[in-house]
Structure formats: structure tokens, C-alpha cells
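**Student:** Can you read through this structure? Questions will come right after.
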Amino acid sequence: MQLLNSALTRLSENYLGGISVDRVVTVVGVLLSYVLAHAFQRIPARMAAAKHIFSIISTVFLFGPVQEQYTGLIHMAVGSAAIYGLIRWIRSAYMPYAVFLVAMLHMSYSHIQRQIHERSTGAVEMDYTGAQMVFVIKVTSLAFCVYDGRPNVVHPRMSAYQRKNAISRVPGLLEYLGYVFFFAGFSVGPAFELATYRKMVALDDTRARRQLPRRAYRKLLEGAFWMVIYVAYSNVYTYQAMTKPQFYAHRSLLSSALYMCTTGLVVRSAYYTAWKMGEGACILAGLGFDGYDAHGAVQWMDIANVHVRGVELGSSLRQLIDSWNVGTNTWLRHHVYLRISRTPADGARASSTRATVLTFLVSAWWHGFYPGYYLTFVLAALAANAARILRRNLHAIVALPADNHASALRRAVKLMYDVAGWILSKYTLDFAAAPFMVLSLQPSMQLWRDNYFVVPLAVLGIFIAFNGLGLGASSVA
């Protein structure tokens with residue numbers, strides 16, 4: 001749609017501070033999915049096939065003519081067919097791992113092609129790889145859920161989440177395609193399990209449907225708020241500015257830290273915009289319906305890309321990480337980390353540090369091959385383990401008693417502990433995330449060096465003190 005792109009280009013230049021048109025097109029696609037979601041939820045539950053077909057056609061329209069990502073549609077059509085064949089025809093315990101490898105290698109090819117294009121043009125653009133990342137989460141999760149549901153397979157230490165989402169039979173092709181190509185979450189997520197999709201398709205409750213618009217449009221308004229923040233400040237606060245030596249000419253370390261944390265917030269606002277709007281579209285279609293409680297009240301799952309309050313106000317690094325990109329974290333935890341951290345023979349737990357680092361490396365691989373991604377995720381993994389060590393040794397000292405009866409002094413100490421945890425966690429997150437946005441190795445290392453490698457050195461110091469010198473208790477198993 002050349003006319004649409006021309007109109008959006010003028011909109012960006014005149015009213016949106018010149019932000020890239022590909023970002024504007026993505027938001028327009030998400031907004032159009034709200035219109036389609038209203039139509040989707042009105043298809044009767046007994047017409048499940050019609051819902052699957054509607055979802056597929058809607059995605060083809062949004063991702064094709066609207067976003068002009070025809071190459072991406074071809075890639076994911078071919079990939080979905082190949083992966084469906086693997087799920088259906090491989091009967092051994094290696095099936096989910098074969099699916100995982102094929103899906104990740106296919107996406108790796110797309111990431112490499114994107115990086116080659118961006119290196120030749122000098123411009124970082126949004127393309128179909130974002131949608132393919134959501135696609136990979138869905139198909140690999142489905143493969144593990146099918147494997148977990150096989151009655152003749154022994155599953156040591158399965159989590160409650162894995163048991164809940166296990167599938168006893170491979171879905172039919174139409175249902176599979178409707179799930180993989182679900183329009184509302186196709187480009188920006190959230191990713192979810194097939195069992196969640198099935199509950200949405202089967203939703204036939206007037207009370208539940210009445211709740212959808214209020215819950216959905218609240219997410220849309222939240223996304224609009226963050227869009228205003230991004231448009232207003234994205235040209236003022238950038239990580240790229242921090243890679244220039246002149247940036248530090250008249251700044252102290254504290255001033256640089258404040259700028260870095262503000263930049264982190266502005267950068268995250270772009271993600272909050274797309275993710276919150278995407279959540280709303282999914283909710284409006286009925287995603288998240290989880291049946292009824294003992295009193296007959298409608299229950300809803302937490303369908304979220306991100307928990308903004310947890311990211312911005314969390315008092316520990318673990319809380320910040322868990323609140324960010326929730327669908328991806330769920331996938332990494334239940335379909336990567338928990339399967340690395342146990343041995344198939346006896347279900348015994350392996351080293352938590354090893355499992356954590358490998359999981360963060362998988363996350364980096366999933367994101368692509370820019371060196372900055374690996375700097376971010378390796379440091380984040382090590383920092384998460386260092387924070388765990390500190391918490392194990394300090395939290396018991398400042399924790400309030402179970403009966404909540406504590407002196408004013410002890411409450412003040414606990415408050416200072418929480419505030420310090422929030423400040424340090426936020427700075428660690430924004431410091432570690434800088435290479436993720438800068439992408440290239442040399443400017444990323446320059447940024448860290450100009451900020452005196454504060455976080456890496458602090459992490460190293462914690463490991464030496466607690467693991468090397470034996471101070472307190474180590475959390476490394």
C-alpha cells in the first residue's frame with residue numbers, strides 16, 4: 001500500500017518527530033487488529049474452523065498489504081509447514097529438540113540476512129524477524145507441549161505449567177495454522193500456548209465477552225501514553241549519544257548514570273507502546289479466558305508482553321527481568337531453563353549458574369547475532385546470579401518478622417534496603433541493556449569503558465568475595 005506508506009511518512013515527519021515509518025506502520029497494523037478482533041469474537045464458538053480461517057486471512061492482510069512484509073509471510077508459511085511435519089511424524093523424544101533446532105536455524109538465516117542488509121544500507125529497520133521470533137516461541141512451545149502430553153513418556157520434575165499445557169494429540173492443520181498465524185499477536189506478541197488459544201476459540205460466554213472491551217481498551221490507552229513519551233523524548237535521550245567521547249567532557253559518573261537510566265526508560269517506552277497495544281488487541285479477541293472459579297466468576301489469565309510496574313519499580317534485578325518480555329521469559333523458563341537444569345535420567349537439578357547462562361545465551365541467539373546482544377545477555381546472566389548471592393546473604397538480615405511487628409528503625413532499614421535494591425537494579429538493567437541498543441562491539445565497549453565498567457566490576461567483586469573468599473553463602477550450585 002504505497003498510498004498508506006506515503007501518508008504515514010508525512011505523519012511521522014510532521015507530527016511524530018520523524019520516528020521511523022516502519023515503527024508507525026507496525027502500530028497501525030496493531031490498531032487495525034482491534035477492528036478485526038471485534039469481528040473475530042462475534043464468530044460463534046461452534047464455528048471453530050471459521051475462526052481459524054478468519055485469523056489466517058487477517059494476518060495475511062495485516063502483514064502483507066499493510067506492512068508489506070511479503071517475504072516474511074513466505075518464510076513463515078514454509079517454516080510452519082516444515083515444523084508441522086516434524087511434530088506430526090517424528091515419534092521419538094528428539095522431536096521437540098529437532099523442531100527447536102530447525103526453527104532457530106531458520107530464524108538465524110533471517111537474522112543474518114537482516115544484518116547484511118542493515119550493514120549495506122547503514123539503517124536499522126523493523127522487518128519480519130520480529131514476527132518470526134514470536135513464531136519460533138509458538139512452534140517450539142507446541143512441540144514440547146505435544147511431547148509432554150504423550151502418555152508413554154516419563155517426565156521427571158515437570159512443572160505445573162508444563163502439565164497444564166501438555167497436549168495429548170497433535171492439532172489438526174487448520175487449527176495449527178490458526179494458532180501460529182493468530183492475527184492479534186502475530187507481529188508484536190504476546191506469545192502463548194495452544195491450550196490458551198483453544199480456550200479463546202471456545203469462548204461462548206456473554207458475561208466474559210462483555211468484559212473484553214474495557215480490559216482491552218485500557219491496554220490501548222496505556223500504550224498510547226508510552227507512545228507520547230517516546231515521540232517526545234526519543235531524539236533527546238539515546239544510547240548512541242553515550243558512545244561519543246565528548247558526551248563525558250563535562251559529566252560526572254553520577255550525571256552519566258542519571259542520563260543512562262532516563263535513556264533506558266525512553267527506549268523501553270517504544271516497546272511498551274507496541275506491546276501494550278498488542279496485549280489489548282489479543283484481549284479484545286478473547287485471549288486469556290480461563291474458565292470460571294468455584295463461585296462461577298469468569299477467570300482471566302495474565303496475557304502480557306510486559307509488566308511495566310515490575311520493570312520500572314521492581315526492587316530486585318530478578319523482578320525486573322521477570323517482568324520484561326513476559327511471554328519470552330515464560331518460554332525460556334519452561335521450555336529452555338527447566339529442561340537444561342534437570343537430567344533426563346533422574347530429574348536431578350544441574351548447576352543453576354550453568355542453566356542461567358545457557359538460557360541467556362539461547363535468548364541472545366533468539367534475538368540475533370549482533371555482538372551487543374551477547375554482551376547484554378552474558379552480563380545480565382552474571383548480574384542475576386550476583387544479585388541472587390547478595391539477596392541470600394542480606395535479605396534475612398533486613399527482612400521484617402512474619403507477624404509484621406518491628407521497630408521503626410528496622411522498618412526504616414528495610415525501606416532503605418528496598419530503595420537501594422531498586423536503584424542498583426535499575427542501573428544494572430540500563431547498563432547491561434546499552435549494548436543491546438548500540439548493537440556493535442566497539443561502541444558498546446567504549447560506552448562501558450567510559451562508565452568505568454561499574455557493573456561488570458561489581459559483579460566480579462561479588463563472585464570473588466562470596467565464591468572465592470567464602471564470605472557468606474554462595475548461591476552457585
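Following the order of the C-alpha cells, chains are lettered A, B, ..., residues in each are numbered from 1, and ligands are numbered from 1.
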Considering only C-alpha atoms, return as a ChimeraX atom specification whatever protein or nucleic-acid residues lie within 12 Å of Tyr272 (chain A), sequence-local ones (same chain, fewer than 3 positions apart) excluded.
**Tutor:** /A:27,188-189,219-230,265-269,275-280,304-309,311-312,323-325
**Student:** Can you tell me, as a ChimeraX atom specification, what residues are no more than 12 Å from Pro456 (chain A) when counting only C-alpha atoms, ignoring any on the same chain fewer than 2 positions away?
**Tutor:** /A:375-376,378-384,386,428-429,431-432,445,448-449,451-454,458-463
**Student:** Please produce a file of the residues just selected, as a PDB file, in the first residue's frame, where the atoms kept are C-alpha atoms.
**Tutor:**
ATOM      1  CA  LEU A 375      27.287  -8.555  25.831  1.00  0.00           C
ATOM      2  CA  THR A 376      23.870  -7.716  27.254  1.00  0.00           C
ATOM      3  CA  VAL A 378      26.013 -12.573  29.341  1.00  0.00           C
ATOM      4  CA  LEU A 379      26.305  -9.618  31.728  1.00  0.00           C
ATOM      5  CA  ALA A 380      22.620  -9.911  32.653  1.00  0.00           C
ATOM      6  CA  ALA A 381      23.048 -13.607  33.439  1.00  0.00           C
ATOM      7  CA  LEU A 382      26.094 -12.996  35.629  1.00  0.00           C
ATOM      8  CA  ALA A 383      24.470  -9.995  37.298  1.00  0.00           C
ATOM      9  CA  ALA A 384      21.340 -12.036  38.052  1.00  0.00           C
ATOM     10  CA  ALA A 386      25.413 -11.997  41.695  1.00  0.00           C
ATOM     11  CA  THR A 428      22.345  -2.569  36.327  1.00  0.00           C
ATOM     12  CA  LEU A 429      19.498  -3.177  33.883  1.00  0.00           C
ATOM     13  CA  PHE A 431      23.929  -0.516  31.939  1.00  0.00           C
ATOM     14  CA  ALA A 432      23.568  -4.091  30.694  1.00  0.00           C
ATOM     15  CA  MET A 445      32.694  -1.476  24.875  1.00  0.00           C
ATOM     16  CA  TRP A 448      31.038   0.619  29.178  1.00  0.00           C
ATOM     17  CA  ARG A 449      34.643   1.815  29.436  1.00  0.00           C
ATOM     18  CA  ASN A 451      31.361   4.417  32.582  1.00  0.00           C
ATOM     19  CA  TYR A 452      34.306   2.630  34.255  1.00  0.00           C
ATOM     20  CA  PHE A 453      32.877  -0.900  33.793  1.00  0.00           C
ATOM     21  CA  VAL A 454      30.988  -0.294  37.039  1.00  0.00           C
ATOM     22  CA  ALA A 458      30.803  -5.061  40.844  1.00  0.00           C
ATOM     23  CA  VAL A 459      29.652  -8.488  39.654  1.00  0.00           C
ATOM     24  CA  LEU A 460      33.232  -9.740  39.622  1.00  0.00           C
ATOM     25  CA  GLY A 461      33.760  -8.394  43.125  1.00  0.00           C
ATOM     26  CA  ILE A 462      30.666 -10.216  44.439  1.00  0.00           C
ATOM     27  CA  PHE A 463      31.795 -13.519  42.923  1.00  0.00           C
TER      28      PHE A 463
END
**Student:** Env of Phe360 (chain A): 8 Å cut, atoms = only C-alpha atoms, seq-sep filter 2 positions within chain, self excluded. Answer as a list in words.
**Tutor:**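 Selected residues are Thr356, Val357, Leu358, Val362, Ser363, Ala364, Phe377, Val378, Ala380 and Ala381 of chain A.
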**Student:** Suppose we keep N, CA and C atoms; can you now write the selection as a JSON list (two decimals), in the first residue's frame?
**Tutor:**
[["chain", "number", "residue", "atom", "x", "y", "z"],
["A", 356, "THR", "N", 21.40, -20.91, 33.96],
["A", 356, "THR", "CA", 21.07, -19.49, 33.74],
["A", 356, "THR", "C", 21.86, -18.93, 32.57],
["A", 357, "VAL", "N", 23.17, -19.18, 32.53],
["A", 357, "VAL", "CA", 24.00, -18.64, 31.45],
["A", 357, "VAL", "C", 23.58, -19.22, 30.11],
["A", 358, "LEU", "N", 23.33, -20.53, 30.04],
["A", 358, "LEU", "CA", 22.90, -21.15, 28.78],
["A", 358, "LEU", "C", 21.56, -20.60, 28.33],
["A", 362, "VAL", "N", 20.74, -18.67, 24.85],
["A", 362, "VAL", "CA", 19.64, -19.00, 23.94],
["A", 362, "VAL", "C", 18.82, -17.76, 23.63],
["A", 363, "SER", "N", 18.58, -16.95, 24.67],
["A", 363, "SER", "CA", 17.84, -15.70, 24.46],
["A", 363, "SER", "C", 18.59, -14.78, 23.50],
["A", 364, "ALA", "N", 19.91, -14.70, 23.65],
["A", 364, "ALA", "CA", 20.70, -13.86, 22.74],
["A", 364, "ALA", "C", 20.63, -14.41, 21.32],
["A", 377, "PHE", "N", 23.29, -10.07, 27.30],
["A", 377, "PHE", "CA", 22.73, -11.24, 27.97],
["A", 377, "PHE", "C", 23.74, -11.97, 28.84],
["A", 378, "VAL", "N", 25.00, -11.96, 28.46],
["A", 378, "VAL", "CA", 26.01, -12.57, 29.34],
["A", 378, "VAL", "C", 26.13, -11.77, 30.64],
["A", 380, "ALA", "N", 23.88, -9.78, 31.91],
["A", 380, "ALA", "CA", 22.62, -9.91, 32.65],
["A", 380, "ALA", "C", 22.57, -11.24, 33.40],
["A", 381, "ALA", "N", 23.04, -12.31, 32.77],
["A", 381, "ALA", "CA", 23.05, -13.61, 33.44],
["A", 381, "ALA", "C", 23.95, -13.59, 34.67]]
**Student:** Write out as a ChimeraX atom specification all residues of region 268-466 of chain A that DSSP puts in alpha helix (DSSP H) for this structure's backbone.
**Tutor:** /A:268-284,308-313,317-323,326-332,338-340,352-367,371-398,408-438,441-450,454-463
**Student:** Would you list the contacts of Leu317 (chain A) as JSON, numbers by chain, taking every protein, DNA or RNA residue within 8 Å and counting only C-alpha atoms, but skipping same-chain residues closer than 2 positions in sequence?
**Tutor:** {"A": [314, 315, 319, 320, 321, 384, 387, 425, 426, 428, 429]}
**Student:** Selection from above, N, CA and C atoms, as a JSON list (two decimals), in the first residue's frame, can you write it?
**Tutor:**
[["chain", "number", "residue", "atom", "x", "y", "z"],
["A", 314, "GLY", "N", 10.41, -2.42, 40.31],
["A", 314, "GLY", "CA", 10.88, -3.63, 40.99],
["A", 314, "GLY", "C", 12.12, -3.35, 41.83],
["A", 315, "SER", "N", 12.20, -3.98, 42.98],
["A", 315, "SER", "CA", 13.31, -3.73, 43.90],
["A", 315, "SER", "C", 14.44, -4.75, 43.78],
["A", 319, "GLN", "N", 13.21, -9.46, 39.63],
["A", 319, "GLN", "CA", 11.86, -8.96, 39.38],
["A", 319, "GLN", "C", 11.81, -8.15, 38.09],
["A", 320, "LEU", "N", 12.82, -7.34, 37.85],
["A", 320, "LEU", "CA", 12.87, -6.55, 36.62],
["A", 320, "LEU", "C", 12.93, -7.45, 35.40],
["A", 321, "ILE", "N", 13.79, -8.47, 35.45],
["A", 321, "ILE", "CA", 13.94, -9.38, 34.31],
["A", 321, "ILE", "C", 12.67, -10.18, 34.09],
["A", 384, "ALA", "N", 22.46, -11.39, 37.37],
["A", 384, "ALA", "CA", 21.34, -12.04, 38.05],
["A", 384, "ALA", "C", 21.83, -13.01, 39.12],
["A", 387, "ALA", "N", 23.24, -10.94, 42.01],
["A", 387, "ALA", "CA", 22.15, -10.39, 42.81],
["A", 387, "ALA", "C", 21.53, -11.45, 43.71],
["A", 425, "SER", "N", 19.31, -2.08, 40.90],
["A", 425, "SER", "CA", 18.75, -2.96, 39.88],
["A", 425, "SER", "C", 18.46, -2.19, 38.60],
["A", 426, "LYS", "N", 17.91, -0.97, 38.74],
["A", 426, "LYS", "CA", 17.62, -0.17, 37.57],
["A", 426, "LYS", "C", 18.90, 0.20, 36.83],
["A", 428, "THR", "N", 21.78, -1.36, 36.92],
["A", 428, "THR", "CA", 22.35, -2.57, 36.33],
["A", 428, "THR", "C", 21.62, -2.93, 35.04],
["A", 429, "LEU", "N", 20.29, -2.86, 35.07],
["A", 429, "LEU", "CA", 19.50, -3.18, 33.88],
["A", 429, "LEU", "C", 19.85, -2.24, 32.73]]
**Student:** Fewer than 2 positions away in the same chain doesn't count, so skip those; otherwise give me all residues within 9 Å of region 412-416 of chain A, counting only C-alpha atoms, as a ChimeraX atom specification.
**Tutor:** /A:395,398-400,407-410,418-421
**Student:** Restrict the selected residues to all heavy atoms and save them as a compact mmCIF listing (two decimals), in the first residue's frame.
**Tutor:**
# COMPACT_ATOMS: atom_id res chain seq x y z
N HIS A 395 19.15 -10.41 52.68
CA HIS A 395 17.70 -10.27 52.88
C HIS A 395 17.27 -10.73 54.27
O HIS A 395 16.42 -10.11 54.91
CB HIS A 395 16.94 -11.04 51.81
CG HIS A 395 15.46 -10.80 51.85
ND1 HIS A 395 14.59 -11.68 52.46
CD2 HIS A 395 14.71 -9.78 51.37
CE1 HIS A 395 13.36 -11.20 52.35
NE2 HIS A 395 13.40 -10.06 51.70
N VAL A 398 17.61 -8.01 56.97
CA VAL A 398 16.74 -6.84 56.99
C VAL A 398 15.26 -7.19 56.91
O VAL A 398 14.40 -6.32 57.08
CB VAL A 398 17.08 -5.89 55.82
CG1 VAL A 398 18.52 -5.43 55.92
CG2 VAL A 398 16.83 -6.57 54.48
N ALA A 399 14.94 -8.47 56.65
CA ALA A 399 13.54 -8.86 56.48
C ALA A 399 12.74 -8.61 57.76
O ALA A 399 13.25 -8.83 58.88
CB ALA A 399 13.44 -10.33 56.08
N LEU A 400 11.50 -8.18 57.59
CA LEU A 400 10.63 -7.96 58.74
C LEU A 400 10.11 -9.29 59.25
O LEU A 400 9.95 -10.24 58.48
CB LEU A 400 9.46 -7.05 58.34
CG LEU A 400 9.83 -5.64 57.86
CD1 LEU A 400 8.57 -4.88 57.43
CD2 LEU A 400 10.59 -4.88 58.93
N SER A 407 10.36 -2.68 64.96
CA SER A 407 10.61 -1.31 65.41
C SER A 407 10.67 -0.36 64.22
O SER A 407 10.84 -0.77 63.07
CB SER A 407 11.92 -1.25 66.19
OG SER A 407 13.00 -1.55 65.32
N ALA A 408 10.54 0.92 64.50
CA ALA A 408 10.61 1.93 63.45
C ALA A 408 11.97 1.90 62.77
O ALA A 408 12.08 2.10 61.54
CB ALA A 408 10.34 3.30 64.04
N LEU A 409 13.03 1.64 63.57
CA LEU A 409 14.37 1.58 62.99
C LEU A 409 14.49 0.44 61.99
O LEU A 409 15.03 0.61 60.90
CB LEU A 409 15.41 1.43 64.10
CG LEU A 409 16.86 1.25 63.63
CD1 LEU A 409 17.31 2.47 62.83
CD2 LEU A 409 17.78 1.01 64.83
N ARG A 410 13.95 -0.73 62.38
CA ARG A 410 14.06 -1.88 61.49
C ARG A 410 13.25 -1.66 60.20
O ARG A 410 13.67 -2.05 59.12
CB ARG A 410 13.58 -3.14 62.20
CG ARG A 410 13.83 -4.41 61.41
CD ARG A 410 13.80 -5.64 62.26
NE ARG A 410 14.12 -6.82 61.50
CZ ARG A 410 14.22 -8.04 62.00
NH1 ARG A 410 14.03 -8.23 63.31
NH2 ARG A 410 14.51 -9.07 61.23
N ASP A 418 15.19 -1.73 50.30
CA ASP A 418 14.35 -1.83 49.10
C ASP A 418 14.67 -0.72 48.11
O ASP A 418 14.74 -0.95 46.90
CB ASP A 418 12.87 -1.78 49.48
CG ASP A 418 12.41 -3.04 50.20
OD1 ASP A 418 13.07 -4.08 50.05
OD2 ASP A 418 11.39 -2.97 50.92
N VAL A 419 14.87 0.50 48.62
CA VAL A 419 15.19 1.64 47.75
C VAL A 419 16.54 1.42 47.09
O VAL A 419 16.72 1.65 45.88
CB VAL A 419 15.15 2.96 48.53
CG1 VAL A 419 15.70 4.10 47.67
CG2 VAL A 419 13.74 3.28 48.99
N ALA A 420 17.52 0.97 47.88
CA ALA A 420 18.85 0.70 47.32
C ALA A 420 18.77 -0.40 46.27
O ALA A 420 19.42 -0.32 45.22
CB ALA A 420 19.82 0.32 48.43
N GLY A 421 17.97 -1.44 46.56
CA GLY A 421 17.79 -2.52 45.59
C GLY A 421 17.19 -2.02 44.30
O GLY A 421 17.59 -2.44 43.20
